[in-house]
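Trainee: my_file.cif is reproduced in full below (mmCIF, C-alpha atoms).
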```
data_entry
loop_
_atom_site.label_atom_id
_atom_site.label_comp_id
_atom_site.auth_asym_id
_atom_site.auth_seq_id
_atom_site.Cartn_x
_atom_site.Cartn_y
_atom_site.Cartn_z
CA MET I 144 83.39 114.11 141.87
CA GLY I 145 83.03 113.20 138.22
CA ARG I 146 82.79 109.67 136.88
CA ILE I 147 83.05 108.30 133.37
CA THR I 148 79.52 107.37 132.37
CA GLU I 149 77.96 106.38 129.08
CA ASP I 150 75.98 109.61 129.09
CA LEU I 151 79.16 111.69 129.57
CA ILE I 152 80.85 109.97 126.63
CA ARG I 153 77.78 110.42 124.40
CA ARG I 154 77.62 114.12 125.25
CA ASN I 155 81.22 114.42 124.11
CA ALA I 156 80.67 112.36 120.96
CA GLU I 157 78.50 114.82 119.03
CA HIS I 158 81.05 114.83 116.19
CA ASN I 159 80.29 111.11 115.79
CA ASP I 160 76.48 111.49 115.96
CA CYS I 161 76.68 110.39 119.64
CA VAL I 162 77.66 106.87 118.55
CA ILE I 163 80.31 105.66 120.99
CA PHE I 164 81.33 102.17 119.84
CA SER I 165 82.99 103.55 116.67
CA LEU I 166 84.42 106.65 118.30
CA GLU I 167 88.01 107.42 117.28
CA GLU I 168 88.60 110.61 119.26
CA LEU I 169 87.29 111.48 122.72
CA SER I 170 87.88 114.51 124.93
CA LEU I 171 87.02 114.23 128.63
CA HIS I 172 89.25 116.98 130.01
CA GLN I 173 88.30 119.06 133.08
CA GLN I 174 85.55 116.70 134.25
CA GLU I 175 86.90 116.12 137.79
CA ILE I 176 87.26 112.41 136.94
CA GLU I 177 88.97 110.39 139.68
CA ARG I 178 89.10 106.99 138.04
CA LEU I 179 89.71 105.65 134.54
CA GLU I 180 86.95 103.13 133.82
CA HIS I 181 84.65 101.69 131.12
CA ILE I 182 86.41 103.33 128.15
CA ASP I 183 88.19 100.13 127.09
CA LYS I 184 84.81 98.34 126.92
CA TRP I 185 82.72 101.02 125.23
CA CYS I 186 85.18 102.73 122.84
CA ARG I 187 87.64 100.13 121.56
CA ASP I 188 88.29 102.00 118.28
CA LEU I 189 89.74 105.06 120.03
CA LYS I 190 92.86 106.54 118.47
CA ILE I 191 93.04 109.79 120.46
CA LEU I 192 92.03 110.16 124.11
CA TYR I 193 92.20 113.47 126.01
CA LEU I 194 91.93 113.14 129.79
CA GLN I 195 94.01 116.11 130.93
CA ASN I 196 93.21 118.25 133.96
CA ASN I 197 91.30 115.66 135.97
CA LEU I 198 92.01 113.87 139.27
CA ILE I 199 92.92 110.42 137.91
CA GLY I 200 95.25 108.68 140.35
CA LYS I 201 96.06 105.53 138.38
CA ILE I 202 96.45 104.46 134.75
CA GLU I 203 94.06 101.53 134.34
CA ASN I 204 91.34 100.03 132.12
CA VAL I 205 92.95 101.14 128.84
CA SER I 206 94.89 97.98 127.94
CA LYS I 207 92.25 96.86 125.41
CA LEU I 208 92.58 100.04 123.35
CA LYS I 209 94.80 98.42 120.71
CA LYS I 210 94.33 101.27 118.22
CA LEU I 211 95.11 104.07 120.67
CA GLU I 212 97.83 106.32 119.26
CA TYR I 213 97.76 109.40 121.53
CA LEU I 214 96.93 109.45 125.24
CA ASN I 215 96.91 112.75 127.12
CA LEU I 216 96.88 112.41 130.92
CA ALA I 217 98.55 115.71 131.76
CA LEU I 218 97.59 117.49 135.01
CA ASN I 219 96.31 114.47 136.93
CA ASN I 220 97.32 112.66 140.14
CA ILE I 221 99.25 109.77 138.57
CA GLU I 222 102.24 108.52 140.59
CA LYS I 223 103.36 105.58 138.45
CA ILE I 224 103.43 104.53 134.78
CA GLU I 225 101.60 101.22 134.41
CA ASN I 226 99.01 99.16 132.52
CA LEU I 227 99.83 100.53 129.05
CA GLU I 228 101.43 97.37 127.65
CA GLY I 229 98.24 96.47 125.75
CA CYS I 230 98.13 99.80 123.88
CA GLU I 231 100.09 98.40 120.96
CA GLY I 232 99.60 101.38 118.66
CA LEU I 233 100.61 104.06 121.20
CA THR I 234 102.92 106.64 119.59
CA LYS I 235 102.51 109.64 121.93
CA LEU I 236 102.03 109.74 125.72
CA ASP I 237 101.61 113.00 127.66
CA LEU I 238 102.02 112.76 131.44
CA THR I 239 103.02 116.39 132.01
CA VAL I 240 102.57 117.74 135.58
CA ASN I 241 101.60 114.61 137.45
CA PHE I 242 103.19 113.11 140.58
CA ILE I 243 105.36 110.39 139.05
CA GLY I 244 108.26 109.73 141.39
CA GLU I 245 108.97 106.14 140.35
CA LEU I 246 111.05 106.89 137.27
CA SER I 247 111.91 103.20 136.92
CA SER I 248 108.24 102.62 136.01
CA VAL I 249 109.07 103.88 132.47
CA LYS I 250 110.41 100.36 131.90
CA THR I 251 106.78 99.22 131.51
CA LEU I 252 106.75 101.16 128.21
CA GLN I 253 109.54 99.12 126.64
CA GLY I 254 106.98 96.87 124.97
CA ASN I 255 105.26 99.86 123.30
CA ILE I 256 107.57 99.69 120.28
CA HIS I 257 105.74 102.46 118.36
CA LEU I 258 106.07 105.03 121.16
CA LYS I 259 107.93 108.04 119.72
CA GLU I 260 107.01 110.94 122.03
CA LEU I 261 106.89 111.04 125.81
CA PHE I 262 106.22 114.03 128.10
CA LEU I 263 107.21 113.79 131.78
CA MET I 264 108.09 117.41 132.53
CA GLY I 265 106.56 118.81 135.71
CA ASN I 266 106.79 115.46 137.52
CA PRO I 267 109.03 114.93 140.60
CA CYS I 268 111.09 112.39 138.62
CA ALA I 269 111.97 115.05 136.03
CA ASP I 270 114.06 116.76 138.74
CA PHE I 271 116.14 113.64 139.41
CA ASP I 272 119.81 113.89 138.55
CA GLY I 273 120.29 111.72 135.44
CA TYR I 274 116.56 111.72 134.57
CA ARG I 275 116.92 112.29 130.83
CA GLN I 276 119.80 109.85 130.40
CA PHE I 277 117.88 107.12 132.24
CA VAL I 278 114.76 107.52 130.05
CA LEU I 279 116.80 107.64 126.82
CA ALA I 280 118.68 104.47 127.71
CA THR I 281 115.55 102.65 128.93
CA LEU I 282 113.23 103.54 126.04
CA GLN I 283 115.36 103.25 122.93
CA GLN I 284 112.33 103.58 120.62
CA LEU I 285 111.75 107.21 121.70
CA LYS I 286 112.45 110.04 119.25
CA TRP I 287 111.30 112.97 121.45
CA LEU I 288 111.34 113.51 125.21
CA ASP I 289 109.59 116.53 126.77
CA GLY I 290 109.35 118.17 123.37
CA LYS I 291 113.07 117.92 122.69
CA GLU I 292 114.41 115.71 119.91
CA ILE I 293 116.76 112.92 120.99
CA GLU I 294 120.09 112.95 119.19
CA ARG I 295 121.94 109.74 118.39
CA SER I 296 125.09 110.83 120.24
CA GLU I 297 122.98 111.69 123.31
CA ARG I 298 121.55 108.17 123.42
CA ILE I 299 124.94 106.54 122.99
CA ARG I 300 126.30 108.46 126.00
CA ALA I 301 123.20 107.53 128.03
CA LEU I 302 123.71 103.83 127.25
CA GLN I 303 127.42 103.98 128.14
CA ASN I 304 126.69 105.51 131.58
CA PHE I 305 123.49 103.59 132.25
CA ALA I 306 124.73 101.46 135.21
CA ALA I 307 125.87 104.50 137.20
CA VAL I 308 122.80 106.56 136.27
CA GLU I 309 120.44 103.72 137.22
CA GLN I 310 122.03 103.41 140.68
CA LYS I 311 121.68 107.17 141.19
CA ILE I 312 118.02 107.08 140.10
CA ARG I 313 117.25 104.21 142.53
CA GLU I 314 118.66 106.21 145.44
CA GLN I 315 116.63 109.30 144.52
CA GLU I 316 113.51 107.19 144.08
CA LYS I 317 113.96 105.71 147.54
CA ALA I 318 114.32 109.17 149.12
CA TYR I 319 111.25 110.42 147.25
CA CYS I 320 109.15 107.41 148.32
CA LEU I 321 110.03 108.04 151.99
CA LYS I 322 109.02 111.70 151.61
CA ARG I 323 105.75 110.72 149.92
CA ALA I 324 104.95 108.30 152.74
CA LYS I 325 105.31 111.17 155.24
CA ASP I 326 103.17 113.44 153.04
CA LYS I 327 100.44 110.79 152.94
CA GLU I 328 100.52 110.38 156.71
CA GLU I 329 100.20 114.14 157.16
CA ALA I 330 97.32 114.26 154.67
CA GLN I 331 95.52 111.44 156.52
CA ARG I 332 95.98 113.28 159.82
CA LYS I 333 94.55 116.50 158.36
CA LEU I 334 91.64 114.63 156.83
CA LYS I 335 90.82 113.02 160.18
CA GLU I 336 90.95 116.43 161.86
CA GLU I 337 88.58 117.88 159.26
CA GLU I 338 86.18 114.95 159.69
CA ASN I 339 86.15 115.42 163.47
CA LYS I 340 85.56 119.15 163.05
CA SER I 341 82.68 118.52 160.63
CA LYS I 342 81.19 115.96 163.01
CA MET I 343 81.26 118.46 165.85
CA GLU I 344 79.58 121.09 163.65
CA ARG I 345 76.86 118.62 162.64
CA ASN I 346 76.22 117.86 166.32
CA HIS I 347 75.57 121.55 166.94
CA THR I 348 73.54 122.23 163.82
CA GLY I 349 70.34 120.79 162.44
CA SER I 350 69.66 119.66 158.90
CA ASP I 351 68.44 123.16 158.08
CA GLY I 352 71.79 124.67 159.06
CA HIS I 353 70.46 126.43 162.20
CA TRP I 354 72.27 126.18 165.51
CA TYR I 355 70.49 124.40 168.35
CA THR I 356 71.18 124.16 172.08
CA ASP I 357 69.95 121.90 174.87
CA ILE I 358 66.21 122.52 175.27
CA SER I 359 65.70 120.10 178.15
CA THR I 360 66.12 122.88 180.74
CA PRO I 361 62.66 124.34 181.44
CA LEU I 362 62.17 128.08 181.05
CA SER I 363 60.04 130.31 183.21
CA PRO I 364 57.02 131.82 181.42
CA SER I 365 58.69 135.23 181.28
CA GLU I 366 61.90 133.78 179.88
CA ASP I 367 59.89 131.66 177.44
CA SER I 368 57.90 134.59 176.10
CA LYS I 369 60.98 136.78 175.99
CA GLY I 370 62.85 134.15 174.01
CA TYR I 371 59.89 133.73 171.67
CA ILE I 372 59.80 137.44 170.88
CA GLN I 373 63.54 137.61 170.27
CA ALA I 374 63.81 134.34 168.30
CA PRO I 375 63.91 135.92 164.80
CA GLU I 376 66.63 138.36 165.86
CA THR I 377 68.62 135.59 167.53
CA GLN I 378 68.27 133.37 164.49
CA GLU I 379 69.35 136.19 162.18
CA GLY I 380 72.36 136.89 164.43
CA GLN I 381 73.32 133.23 164.37
CA CYS I 382 73.08 133.15 160.57
CA LYS I 383 75.30 136.22 160.27
CA GLU I 384 77.77 134.71 162.73
CA LYS I 385 77.83 131.45 160.76
CA LYS I 386 78.42 133.32 157.49
CA LEU I 387 81.30 135.21 159.11
CA ASP I 388 82.79 131.95 160.42
CA ASP I 389 82.48 130.37 156.96
CA ARG I 390 84.20 133.36 155.37
CA GLU I 391 87.02 133.18 157.92
CA ASP I 392 87.38 129.41 157.34
CA ASP I 393 87.56 130.03 153.60
CA LEU I 394 90.26 132.68 153.98
CA GLU I 395 92.19 130.41 156.33
CA PHE I 396 91.99 127.55 153.81
CA TRP I 397 93.34 129.60 150.89
CA ASN I 398 96.02 131.37 152.93
CA LYS I 399 97.50 128.36 154.71
CA PRO I 400 100.70 126.98 153.11
CA SER I 401 100.21 123.61 151.44
CA LEU I 402 102.39 121.14 149.56
CA TYR I 403 101.43 120.33 145.97
CA THR I 404 100.42 116.69 146.27
CA PRO I 405 97.58 114.48 144.96
CA GLU I 406 95.95 114.83 148.39
CA SER I 407 96.12 118.65 148.34
CA ARG I 408 94.51 118.71 144.87
CA LEU I 409 91.65 116.54 146.13
CA GLU I 410 91.35 118.66 149.28
CA THR I 411 91.10 121.84 147.19
CA LEU I 412 88.40 120.35 144.99
CA ARG I 413 86.38 119.12 147.97
CA HIS I 414 86.62 122.54 149.58
CA MET I 415 85.33 124.17 146.38
CA GLU I 416 82.54 121.60 146.17
CA LYS I 417 81.52 122.37 149.77
CA GLN I 418 81.44 126.08 148.96
CA ARG I 419 79.27 125.40 145.92
CA ARG I 420 76.84 123.24 147.93
CA ASP I 421 76.63 125.87 150.68
CA GLN I 422 75.93 128.53 148.07
CA GLU I 423 73.20 126.39 146.49
CA ARG I 424 71.56 125.84 149.89
CA LEU I 425 71.70 129.57 150.55
CA SER I 426 70.13 130.31 147.16
CA GLU I 427 67.35 127.81 147.81
CA LYS I 428 66.55 129.48 151.12
CA LYS I 429 66.37 132.87 149.43
CA LYS I 430 63.89 131.57 146.89
CA LYS I 431 60.60 132.24 148.60
CA VAL I 432 57.40 130.95 147.10
CA LYS I 433 55.39 133.96 146.03
CA PRO I 434 51.81 133.99 147.30
CA PRO I 435 49.23 133.90 144.50
CA ARG I 436 48.47 137.40 143.29
CA MET I 437 45.13 138.79 144.41
CA LEU I 438 42.96 139.54 141.41
CA VAL I 439 39.61 140.07 143.13
CA THR I 440 39.08 141.43 146.65
CA GLU I 441 36.94 139.68 149.25
CA ASP I 442 34.05 142.01 148.49
CA GLY I 443 34.20 141.04 144.79
CA ARG I 444 35.96 144.13 143.46
CA ALA I 445 38.37 143.41 140.57
CA LEU I 446 41.89 144.89 140.72
CA ASN I 447 44.14 146.22 137.98
CA VAL I 448 47.10 143.86 137.56
CA ASN I 449 49.94 143.77 135.01
CA GLU I 450 52.26 140.96 136.09
CA PRO I 451 53.67 140.30 132.57
CA LYS I 452 54.55 144.05 132.44
CA LEU I 453 53.14 144.54 128.96
CA ASP I 454 52.29 147.82 127.27
CA PHE I 455 48.62 148.26 126.42
CA THR I 456 46.00 150.74 125.25
CA LEU I 457 42.31 150.77 126.17
CA LYS I 458 40.11 152.62 123.68
CA ASP I 459 36.42 153.46 123.86
CA ASP I 460 35.17 153.03 120.29
CA GLU I 461 31.93 155.01 120.41
CA LYS I 462 31.27 154.51 116.70
CA ARG I 463 31.01 150.71 117.10
CA ASN I 464 29.86 151.01 120.73
CA GLN I 465 32.66 148.80 122.04
CA ILE I 466 35.75 148.89 124.23
CA VAL I 467 38.97 147.74 122.55
CA LEU I 468 42.01 146.48 124.46
CA ASP I 469 45.28 146.37 122.54
CA LEU I 470 47.80 144.32 124.55
CA ALA I 471 51.41 144.26 123.32
CA VAL I 472 52.12 140.55 123.77
CA TYR I 473 55.40 139.31 122.35
CA ARG I 474 55.16 139.16 118.57
CA TYR I 475 56.35 135.58 118.13
CA MET I 476 54.68 134.13 121.21
CA ASP I 477 52.61 131.03 120.54
CA THR I 478 48.90 131.84 120.83
CA SER I 479 48.38 128.69 122.93
CA LEU I 480 50.21 130.48 125.75
CA ILE I 481 47.53 133.19 125.90
CA ASP I 482 44.13 132.82 127.60
CA VAL I 483 41.45 135.54 127.55
CA ASP I 484 38.55 135.86 129.97
CA VAL I 485 36.03 138.69 129.57
CA GLN I 486 33.70 139.59 132.43
CA PRO I 487 31.06 142.36 132.47
CA THR I 488 33.29 144.74 134.45
CA TYR I 489 36.83 143.58 133.72
CA VAL I 490 39.01 141.63 131.28
CA ARG I 491 41.69 139.14 132.28
CA VAL I 492 44.47 137.84 130.02
CA MET I 493 46.83 135.09 131.18
CA VAL I 494 50.17 135.39 129.35
CA LYS I 495 52.40 132.36 129.99
CA GLY I 496 50.60 131.91 133.31
CA LYS I 497 51.02 135.54 134.39
CA PRO I 498 47.81 137.57 134.85
CA PHE I 499 47.02 140.85 133.15
CA GLN I 500 43.73 142.25 134.44
CA LEU I 501 42.04 145.56 133.72
CA VAL I 502 38.88 147.06 135.15
CA LEU I 503 36.67 148.36 132.32
CA PRO I 504 35.20 151.88 132.25
CA ALA I 505 31.77 150.51 131.29
CA GLU I 506 29.96 147.18 131.42
CA VAL I 507 30.41 144.94 128.39
CA LYS I 508 28.74 141.87 126.90
CA PRO I 509 31.09 138.87 127.44
CA ASP I 510 29.10 136.60 125.08
CA SER I 511 29.61 138.99 122.15
CA SER I 512 33.27 139.75 122.85
CA PHE I 513 36.08 138.30 120.75
CA ALA I 514 39.90 138.31 120.64
CA LYS I 515 42.37 138.16 117.75
CA ARG I 516 46.06 138.63 117.01
CA SER I 517 47.13 141.58 114.88
CA GLN I 518 48.64 140.45 111.57
CA THR I 519 51.16 143.31 111.58
CA THR I 520 52.27 143.73 115.21
CA GLY I 521 51.33 140.39 116.77
CA HIS I 522 49.48 142.29 119.53
CA LEU I 523 46.40 140.79 121.15
CA VAL I 524 43.27 142.81 120.35
CA VAL I 525 40.17 142.18 122.47
CA CYS I 526 36.92 143.77 121.24
CA MET I 527 34.17 144.00 123.88
CA PRO I 528 30.74 145.38 122.84
CA LYS I 529 29.30 147.63 125.52
CA LYS I 530 26.12 146.71 127.31
CA PRO I 531 23.20 149.00 126.33
CA ALA I 532 22.32 151.50 129.02
CA ASN I 533 18.89 149.89 129.54
CA GLY I 534 19.85 146.33 128.57
CA LYS I 535 20.08 143.28 130.77
CA THR I 536 23.15 141.13 131.36
CA ARG I 537 23.30 137.77 133.05
CA SER I 538 24.99 138.25 136.38
CA GLY I 539 28.40 136.58 136.62
CA SER I 540 28.44 135.33 133.03
CA GLN I 541 31.88 134.26 131.89
CA GLN I 542 33.55 133.03 128.75
CA ALA I 543 37.14 132.05 128.10
CA PHE I 544 38.74 132.67 124.72
CA HIS I 545 41.76 130.94 123.23
CA PRO I 546 42.69 133.28 120.39
#
```
Could you take the file, read its structure, and then write that structure out as structure tokens?

Mentor:
Amino acid sequence: MGRITEDLIRRNAEHNDCVIFSLEELSLHQQEIERLEHIDKWCRDLKILYLQNNLIGKIENVSKLKKLEYLNLALNNIEKIENLEGCEGLTKLDLTVNFIGELSSVKTLQGNIHLKELFLMGNPCADFDGYRQFVLATLQQLKWLDGKEIERSERIRALQNFAAVEQKIREQEKAYCLKRAKDKEEAQRKLKEEENKSKMERNHTGSDGHWYTDISTPLSPSEDSKGYIQAPETQEGQCKEKKLDDREDDLEFWNKPSLYTPESRLETLRHMEKQRRDQERLSEKKKKVKPPRMLVTEDGRALNVNEPKLDFTLKDDEKRNQIVLDLAVYRYMDTSLIDVDVQPTYVRVMVKGKPFQLVLPAEVKPDSSFAKRSQTTGHLVVCMPKKPANGKTRSGSQQAFHP
């Protein structure tokens, strides 16, 4: 789950050179934030704050934002309007598609005298009979509600019928609160069931995700050896079975009917997080550490290797009595990432840590060899003078070049 951290705010304050204390606009939407915190201490000059599409369950820690003009908390888990009295400059508040059932909580906005626009559509309270009239009569400073302009005659009618509308709203609120209490109980029961199920699974699986059984019962030698031989197959079968079970659990989760509540939103996110963690663990298991590539056999014979998969040409320049290797390294690659090693019978080039090795058709003189980068193509050119037919070469001589 996401949290509001100083680093998160700085990353979203690039338009202000990552300076947060003087920030006037901040967007933290779709960050899986569950709690509103720290912003009123770190960003007191904020005028616009976007927090839509998170998992915030309560409006809090914004009362010190005196300059805040627009607050967007659409698509969150808010159930009550509160703690906005200190936002003296607030002119627009968006609470679209939350879970506000306590419509009477709009009364807390009466002190926000500059509030002109309010969005409550998509909340349970917006379906209450008399919803619009109640809000219009309660918040007389409003000019727009749910994107619709408030007419003077509409407000007058709302004020005239306020006593009856308020009574009706209280009754609907009470019914909604009872329903929410039942929904919360059901969510708690489901959560407990899931926890028990997970606990049982953990008891049957190890930290590596493999299934284990009671090993206290001794096996006969034949059974032991038989089990040892079949262990990889059994393990593979168990893995396949577990994957199938996970897939079935996933299908069951997405297909089962569910109420749209703050708890169901959190449950969905946690399920997706679990899937992501399982996928990451699976990916880590698939990543096998490659054994170091063999470049020279045990009997000392060099092998041809082209791990960087580079094009090359090897030319025997008889006129200059040398062998020339032209290796097509990447044109703009930094030369510090290339290391050349010439031996009497082979040449090795390390390109970004990957070996290119080629056995030479004739013995060369490592001490007289040199490497350079082509000015036109950027290729690496290694020139290796050949050893005279009757000359002598120091056995095992080696020299590394950093072209």

Trainee: Report the closest atom pair, with its distance in Å rounded to one decimal, for each residue of region 214-317 of chain I that has an atom no farther than 8 Å from region 182-199 of chain I; count all atoms listed in the file, sort by chain and then rising residue number, and write it as a tab-separated table.

Mentor:
```
residue	atom	partner	partner_atom	distance
I:Leu214	CA	I:Leu192	CA	5.1
I:Asn215	CA	I:Tyr193	CA	4.9
I:Leu216	CA	I:Gln195	CA	4.7
I:Ala217	CA	I:Gln195	CA	4.6
I:Leu218	CA	I:Asn196	CA	4.6
I:Asn219	CA	I:Leu198	CA	4.9
I:Asn220	CA	I:Ile199	CA	5.4
I:Ile221	CA	I:Ile199	CA	6.4
```

Trainee: Run through the PyMOL selection byres ((chain I and resi 257) around 7) on the given coordinates and return the selected residues as a list in words.

Mentor: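 Given this file, the PyMOL selection byres ((chain I and resi 257) around 7) evaluates to Gly232, Leu233, Thr234, Asn255, Ile256, Leu258 and Lys259 of chain I.
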
Trainee: For the selection you just gave me, I'd like the residues written to a file as a short mmCIF file (atom, residue, chain, number, x, y, z; two decimals), keeping the file's coordinate frame, keeping C-alpha atoms.

Mentor:
```cif
data_model
loop_
_atom_site.label_atom_id
_atom_site.label_comp_id
_atom_site.auth_asym_id
_atom_site.auth_seq_id
_atom_site.Cartn_x
_atom_site.Cartn_y
_atom_site.Cartn_z
CA GLY I 232 99.60 101.38 118.66
CA LEU I 233 100.61 104.06 121.20
CA THR I 234 102.92 106.64 119.59
CA ASN I 255 105.26 99.86 123.30
CA ILE I 256 107.57 99.69 120.28
CA LEU I 258 106.07 105.03 121.16
CA LYS I 259 107.93 108.04 119.72
#
```

Trainee: Given the PyMOL selection byres ((chain I and resi 503) around 6) and the file above, list the residues it selects as a list in words.

Mentor: Thr488, Tyr489, Val502, Pro504 and Ala505 of chain I

Trainee: On this structure, which residues satisfy the PyMOL selection byres ((chain I and resi 410) around 12), written as a VMD selection string?

Mentor: chain I and resid 144 198 330 to 331 333 to 334 337 396 to 397 401 to 409 411 to 417

Trainee: Mind giving me the straight-line distance from CA of Asp237 (chain I) to CA of Val249 (chain I) in Å, one decimal?

Mentor: 12.7 Å

Trainee: By how many Å are CA of Asp469 (chain I) and CA of Val524 (chain I) apart?

Mentor: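 According to the coordinates, CA of Asp469 (chain I) and CA of Val524 (chain I) are separated by 4.6 Å.
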
Trainee: Which residues come within 10 Å of Val472 (chain I), counting all atoms listed in the file, excluding same-chain residues fewer than 2 positions away, as a PyMOL selection string?

Mentor: chain I and resi 451-455+469-470+474-476+478+481+494+516+520-524

Trainee: If you measure from CA of Phe499 (chain I) to CA of Ser426 (chain I), what distance in Å do you get, rounded to one decimal?

Mentor: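 The value is 29.0 Å.
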
Trainee: Under the rule that all atoms listed in the file are counted, which of I:Val525, I:Asp270, I:Arg420, I:Ser206 is the nearest residue to Ala471 (chain I)?

Mentor: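 Comparing I:Val525, I:Asp270, I:Arg420, I:Ser206 against Ala471 (chain I), the winner is I:Val525.
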
Trainee: Would you list the residues near (32.0, 142.2, 132.6), meaning any protein, DNA or RNA residue with an atom at most 7 Å from that point in file coordinates, counting only C-alpha atoms, as a list in words?

Mentor: Val485, Gln486, Pro487, Thr488, Tyr489, Glu506, Val507, Lys508 and Pro509 of chain I
